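Asker: This is the structure I want to talk about, given as structure tokens.
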Amino acid sequence: MMMNLAFHSVLKYMRHNDQDSTSLLLTASEDSGLSLLEITDWATQKTPSVIFSSPLIIKLLNQAAQLTGNDCIGIDASKHTSFSGFEGFGVVLLSCSSISEAIDLFLKFRPILANILNVRLLDESNIEFGLKITHEHGDPTYLIDFILSVLMRIGRRITQNINLAPLHLQLERPASISSPNRFFEFYRCDINFSGTDNIVKHAPEFINCAPELSNPEMSSIGLQWCEQKEREMLAKLEVKVGHLIEKYISDTTFSIDCAAKSLNMSKRKLQKELHKNDLSFSSLQDRIRREKSVNLLRYSEKSISEISDETGYANETGFIRAFKRWEGTTPASFRRRGEQNHISNG
């Protein structure tokens with residue numbers, strides 16, 4: 001959600017500054033498979049209804065920075081982001097009882113907000129607490145700029161504290177060339193550029209601030225929305241992985257590593273997300289192989305050896321062993337039993 005919101009906000013920023021975004025829209029349509037009309041219509045809406053892949057968002061933001069000559073575009077685009085863009089999650093943030101609760105919810109539902117990033121809370125102390133952001137795709141400099149800036153604006157908004165500033169900010173990116181003071185003006189703190197990680201640190205009293213708009217009833221409604229979105233995301237992930245397994249089912253080398261790469265995820269992240277839905281790559285692969293094997297035995301005249309090859313087994317022995325585990329009988333016996341039932345029913 002946040003990745004698509006980032007591109008949406010960049011387009012709004014460019015329109016606000018009378019800058020031509022045609023090439024960005026063309027790139028988006030060419031790389032996403034959607035028509036230019038669909039992309040253009042979406043670009044005028046308040047919330048990002050079109051879903052782009054993470055690598056495409058990174059490409060578009062990098063391209064936008066080049067087109068505008070603004071390497072602070074993440075910060076500048078963030079001011080064009082409203083809570084409505086986060087839909088139910090915006091409701092949750094506005095109605096949390098404390099900043100600490102808002103941070104916990106952001107971490108919990110991060111996969112539906114920004115699945116390209118790994119965000120974790122650093123060990124808290126009496127002096128400071130911090131968030132560390134790492135990534136796994138390409139060079140998401142402007143995306144991370146955008147997300148950090150949005151989080152800062154959210155903090156200022158829900159605490160009604162325009163003077164809110166971190167204690168310290170460390171960024172992997174180099175200092176801005178186009179606007180050297182832009183980061184210092186926005187964050188109003190000491191910043192270490194070209195660091196090894198992206199880390200923002202605050203005073204501990206910040207996380208105990210009670211938002212002005214705290215509302216338990218609204219928070220409950222927003223939480224239900226987040227949970228529903230999470231269920232939808234996991235269901236879609238299961239379908240996507242299933243489609244990949246079906247597509248490469250005859251390829252004995254197709255593994256979870258291959259699936260993760262196709263989905264622009266790390267192996268560990270894919271395992272973790274499937275686990276949330278009580279699934280694993282091997283269980284999905286096993287289920288799809290079983291379904292295809294049964295259908296081929298019932299409705300085709302292909303030999304056991306051919307079916308073994310088509311369902312991704314290195315040899316017929318391995319296929320027979322797996323089939324006996326599934327159905328309690330051999331593929332040949334299963335086929336004969338099906339033929340006998342067909343005759344008797346006829």
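Residue numbering restarts at 1 for every chain of the structure tokens, chains are lettered A, B, ... in their displayed order, and ligands are numbered from 1 as they appear.
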Would you write out, as CSV, a table of all residues in region 166-264 of chain A that have an atom no more than 12 Å from an atom of region 49-53 of chain A, listing for each the closest atom pair and the distance in Å to one decimal, considering only C-alpha atoms and ordering rows by chain and rising residue number?

Answerer:
residue,atom,partner,partner_atom,distance
A:Met233,CA,A:Ile51,CA,11.9
A:Ser262,CA,A:Ser53,CA,10.9
A:Leu263,CA,A:Ser53,CA,8.7
A:Asn264,CA,A:Ser53,CA,8.1

Asker: Need the shell around Leu234 (chain A): protein/DNA/RNA residues with any atom at most 9 Å away, counting only C-alpha atoms. Skip same-chain ones fewer than 4 positions apart. Format as a ChimeraX atom specification?

Answerer: /A:229-230,238-239,273-274,276-277

Asker: May I have the residues from that selection written out with all heavy atoms, as a tab-separated table (two decimals), in the first residue's frame?

Answerer:
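selection_33.tsv, freshly written:
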chain	number	residue	atom	x	y	z
A	229	LYS	N	-7.55	-6.87	5.56
A	229	LYS	CA	-6.56	-6.66	4.50
A	229	LYS	C	-5.44	-7.68	4.59
A	229	LYS	O	-4.94	-8.18	3.57
A	229	LYS	CB	-5.98	-5.25	4.59
A	229	LYS	CG	-6.87	-4.16	4.06
A	229	LYS	CD	-6.99	-4.27	2.55
A	229	LYS	CE	-7.86	-3.17	1.98
A	229	LYS	NZ	-8.01	-3.27	0.51
A	230	GLU	N	-5.05	-8.02	5.81
A	230	GLU	CA	-3.99	-9.01	6.00
A	230	GLU	C	-4.44	-10.37	5.50
A	230	GLU	O	-3.68	-11.09	4.84
A	230	GLU	CB	-3.61	-9.09	7.48
A	230	GLU	CG	-2.43	-10.00	7.75
A	230	GLU	CD	-2.02	-9.99	9.21
A	230	GLU	OE1	-2.90	-10.14	10.07
A	230	GLU	OE2	-0.83	-9.85	9.48
A	238	GLU	N	-1.05	-16.89	-1.42
A	238	GLU	CA	-1.22	-18.34	-1.63
A	238	GLU	C	-1.56	-18.62	-3.10
A	238	GLU	O	-1.01	-19.55	-3.70
A	238	GLU	CB	-2.33	-18.86	-0.73
A	238	GLU	CG	-2.62	-20.34	-0.91
A	238	GLU	CD	-3.78	-20.83	-0.06
A	238	GLU	OE1	-4.22	-20.08	0.83
A	238	GLU	OE2	-4.24	-21.96	-0.29
A	239	VAL	N	-2.44	-17.80	-3.67
A	239	VAL	CA	-2.84	-17.99	-5.06
A	239	VAL	C	-1.65	-17.76	-6.00
A	239	VAL	O	-1.41	-18.52	-6.93
A	239	VAL	CB	-4.00	-17.04	-5.43
A	239	VAL	CG1	-4.26	-17.05	-6.93
A	239	VAL	CG2	-5.26	-17.43	-4.67
A	273	GLU	N	5.41	-15.31	5.60
A	273	GLU	CA	4.06	-14.91	5.21
A	273	GLU	C	3.15	-16.11	4.97
A	273	GLU	O	1.98	-16.09	5.32
A	273	GLU	CB	4.12	-14.02	3.96
A	273	GLU	CG	4.88	-12.72	4.14
A	273	GLU	CD	4.37	-11.88	5.30
A	273	GLU	OE1	3.14	-11.89	5.54
A	273	GLU	OE2	5.18	-11.23	5.97
A	274	LEU	N	3.69	-17.17	4.38
A	274	LEU	CA	2.89	-18.39	4.20
A	274	LEU	C	2.55	-19.02	5.54
A	274	LEU	O	1.44	-19.53	5.74
A	274	LEU	CB	3.65	-19.39	3.31
A	274	LEU	CG	3.75	-19.05	1.82
A	274	LEU	CD1	4.67	-20.05	1.12
A	274	LEU	CD2	2.38	-19.04	1.17
A	276	LYS	N	1.95	-17.58	8.27
A	276	LYS	CA	0.85	-16.87	8.91
A	276	LYS	C	-0.50	-17.47	8.54
A	276	LYS	O	-1.48	-17.32	9.26
A	276	LYS	CB	0.88	-15.38	8.51
A	276	LYS	CG	1.98	-14.58	9.16
A	276	LYS	CD	1.88	-13.13	8.73
A	276	LYS	CE	2.98	-12.28	9.35
A	276	LYS	NZ	2.89	-10.87	8.91
A	277	ASN	N	-0.53	-18.13	7.38
A	277	ASN	CA	-1.77	-18.76	6.92
A	277	ASN	C	-1.70	-20.27	7.06
A	277	ASN	O	-2.43	-21.00	6.39
A	277	ASN	CB	-2.02	-18.40	5.45
A	277	ASN	CG	-3.46	-18.04	5.18
A	277	ASN	OD1	-4.21	-17.72	6.08
A	277	ASN	ND2	-3.85	-18.10	3.93

Asker: So that each row is one residue of region 12-87 of chain A with an atom at most 12 Å from region 155-173 of chain A, can you give its shortest atom pair and the distance in Å to one decimal, using only C-alpha atoms, rows by chain and rising number, as a tab-separated table?

Answerer:
residue	atom	partner	partner_atom	distance
A:Asp71	CA	A:Arg173	CA	10.3
A:Cys72	CA	A:Arg173	CA	10.9
A:Lys79	CA	A:Arg157	CA	11.6
A:Ser82	CA	A:Arg157	CA	10.4
A:Phe83	CA	A:Arg157	CA	9.8

Asker: Name the residues in contact with Ser303 (chain A) at a cut-off of 12 Å, using only C-alpha atoms, excluding same-chain residues fewer than 4 positions from it; report them as a PyMOL selection string.

Answerer: chain A and resi 293+296-299+307-310+316+331-332+335

Asker: Write out the residues from the selection above, keeping N, CA and C atoms, as a PDB file, in the first residue's frame.

Answerer:
ATOM      1  N   SER A 293      -1.947 -34.921 -10.434  1.00  0.00           N
ATOM      2  CA  SER A 293      -1.741 -36.361 -10.639  1.00  0.00           C
ATOM      3  C   SER A 293      -3.070 -37.098 -10.693  1.00  0.00           C
ATOM      4  N   LEU A 296      -4.891 -36.289 -13.982  1.00  0.00           N
ATOM      5  CA  LEU A 296      -4.281 -36.945 -15.143  1.00  0.00           C
ATOM      6  C   LEU A 296      -4.583 -38.447 -15.153  1.00  0.00           C
ATOM      7  N   LEU A 297      -4.582 -39.058 -13.991  1.00  0.00           N
ATOM      8  CA  LEU A 297      -4.894 -40.488 -13.917  1.00  0.00           C
ATOM      9  C   LEU A 297      -6.346 -40.758 -14.258  1.00  0.00           C
ATOM     10  N   ARG A 298      -7.222 -39.852 -13.877  1.00  0.00           N
ATOM     11  CA  ARG A 298      -8.652 -40.046 -14.111  1.00  0.00           C
ATOM     12  C   ARG A 298      -9.067 -39.711 -15.543  1.00  0.00           C
ATOM     13  N   TYR A 299      -8.510 -38.623 -16.066  1.00  0.00           N
ATOM     14  CA  TYR A 299      -9.055 -38.080 -17.309  1.00  0.00           C
ATOM     15  C   TYR A 299      -8.091 -38.094 -18.493  1.00  0.00           C
ATOM     16  N   ILE A 307       3.159 -39.024 -16.425  1.00  0.00           N
ATOM     17  CA  ILE A 307       2.547 -38.224 -15.355  1.00  0.00           C
ATOM     18  C   ILE A 307       3.595 -37.857 -14.310  1.00  0.00           C
ATOM     19  N   SER A 308       4.485 -38.791 -14.040  1.00  0.00           N
ATOM     20  CA  SER A 308       5.574 -38.529 -13.106  1.00  0.00           C
ATOM     21  C   SER A 308       6.420 -37.355 -13.586  1.00  0.00           C
ATOM     22  N   ASP A 309       6.730 -37.331 -14.861  1.00  0.00           N
ATOM     23  CA  ASP A 309       7.524 -36.235 -15.434  1.00  0.00           C
ATOM     24  C   ASP A 309       6.758 -34.910 -15.374  1.00  0.00           C
ATOM     25  N   GLU A 310       5.477 -34.960 -15.722  1.00  0.00           N
ATOM     26  CA  GLU A 310       4.667 -33.743 -15.779  1.00  0.00           C
ATOM     27  C   GLU A 310       4.452 -33.112 -14.414  1.00  0.00           C
ATOM     28  N   GLU A 316      10.062 -42.221 -11.596  1.00  0.00           N
ATOM     29  CA  GLU A 316       8.754 -42.828 -11.380  1.00  0.00           C
ATOM     30  C   GLU A 316       8.619 -43.379  -9.964  1.00  0.00           C
ATOM     31  N   PRO A 331      -0.531 -45.497  -8.209  1.00  0.00           N
ATOM     32  CA  PRO A 331      -1.207 -44.818  -9.314  1.00  0.00           C
ATOM     33  C   PRO A 331      -1.930 -45.797 -10.242  1.00  0.00           C
ATOM     34  N   ALA A 332      -1.309 -46.955 -10.496  1.00  0.00           N
ATOM     35  CA  ALA A 332      -1.927 -47.944 -11.389  1.00  0.00           C
ATOM     36  C   ALA A 332      -3.219 -48.471 -10.796  1.00  0.00           C
ATOM     37  N   ARG A 335      -5.966 -45.864 -10.960  1.00  0.00           N
ATOM     38  CA  ARG A 335      -6.524 -45.730 -12.308  1.00  0.00           C
ATOM     39  C   ARG A 335      -7.450 -46.895 -12.618  1.00  0.00           C
TER      40      ARG A 335
END

Asker: If we count only C-alpha atoms and set the cut-off at 12 Å, which residues sit around Gly318 (chain A), ignoring sequence neighbours fewer than 3 positions away in its own chain? Please answer as a count of residues only.

Answerer: 18

Asker: Output as a ChimeraX atom specification all residues of region 126-305 of chain A that backbone DSSP marks as strand (DSSP E).

Answerer: /A:129-135,168-170,190-192,198-202

Asker: Residues of region 10-229 of chain A in alpha helix (DSSP H) according to DSSP, as an MDAnalysis selection string?

Answerer: chainID A and resid 10:16 22:32 36:43 54:68 73:78 88:95 99:108 110:113 141:159 182:187 204:207 216:229

Asker: Let me make sure I understand: among A:Leu105, A:Val294, A:Val200, A:Leu26, which one has the smallest atom-to-atom distance to Ile39 (chain A) if we use only C-alpha atoms?

Answerer: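 Checking each candidate against Ile39 (chain A), we get A:Leu26 as the closest.
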
Asker: As a count of residues only, please: the residues near Lys59 (chain A) (cut-off 9 Å, only C-alpha atoms, same-chain neighbours under 3 positions excluded).

Answerer: 9

Asker: Using only C-alpha atoms, find the one residue out of A:Ala102, A:Ile207, A:Ala259, A:Leu11 that sits nearest to Ile245 (chain A).

Answerer: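 Comparing A:Ala102, A:Ile207, A:Ala259, A:Leu11 against Ile245 (chain A), the winner is A:Ala259.
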
Asker: Using only C-alpha atoms, can you tell me which of A:Ile199, A:Ala235, A:Leu270, A:Ile73 comes closest to Leu121 (chain A)?

Answerer: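 Answer, going by the shortest atom-to-atom distance: A:Ile199.
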
Asker: What's the 12 Å shell around Glu185 (chain A), counting only C-alpha atoms, without same-chain residues fewer than 5 positions away, as a list of chain:residue names?

Answerer: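 Here the qualifying residues turn out to be A:Cys72, A:Ile75, A:Asp76, A:Ser149, A:Asn163, A:Ala165, A:Ser179, A:Pro180, A:Asp190, A:Ile191.
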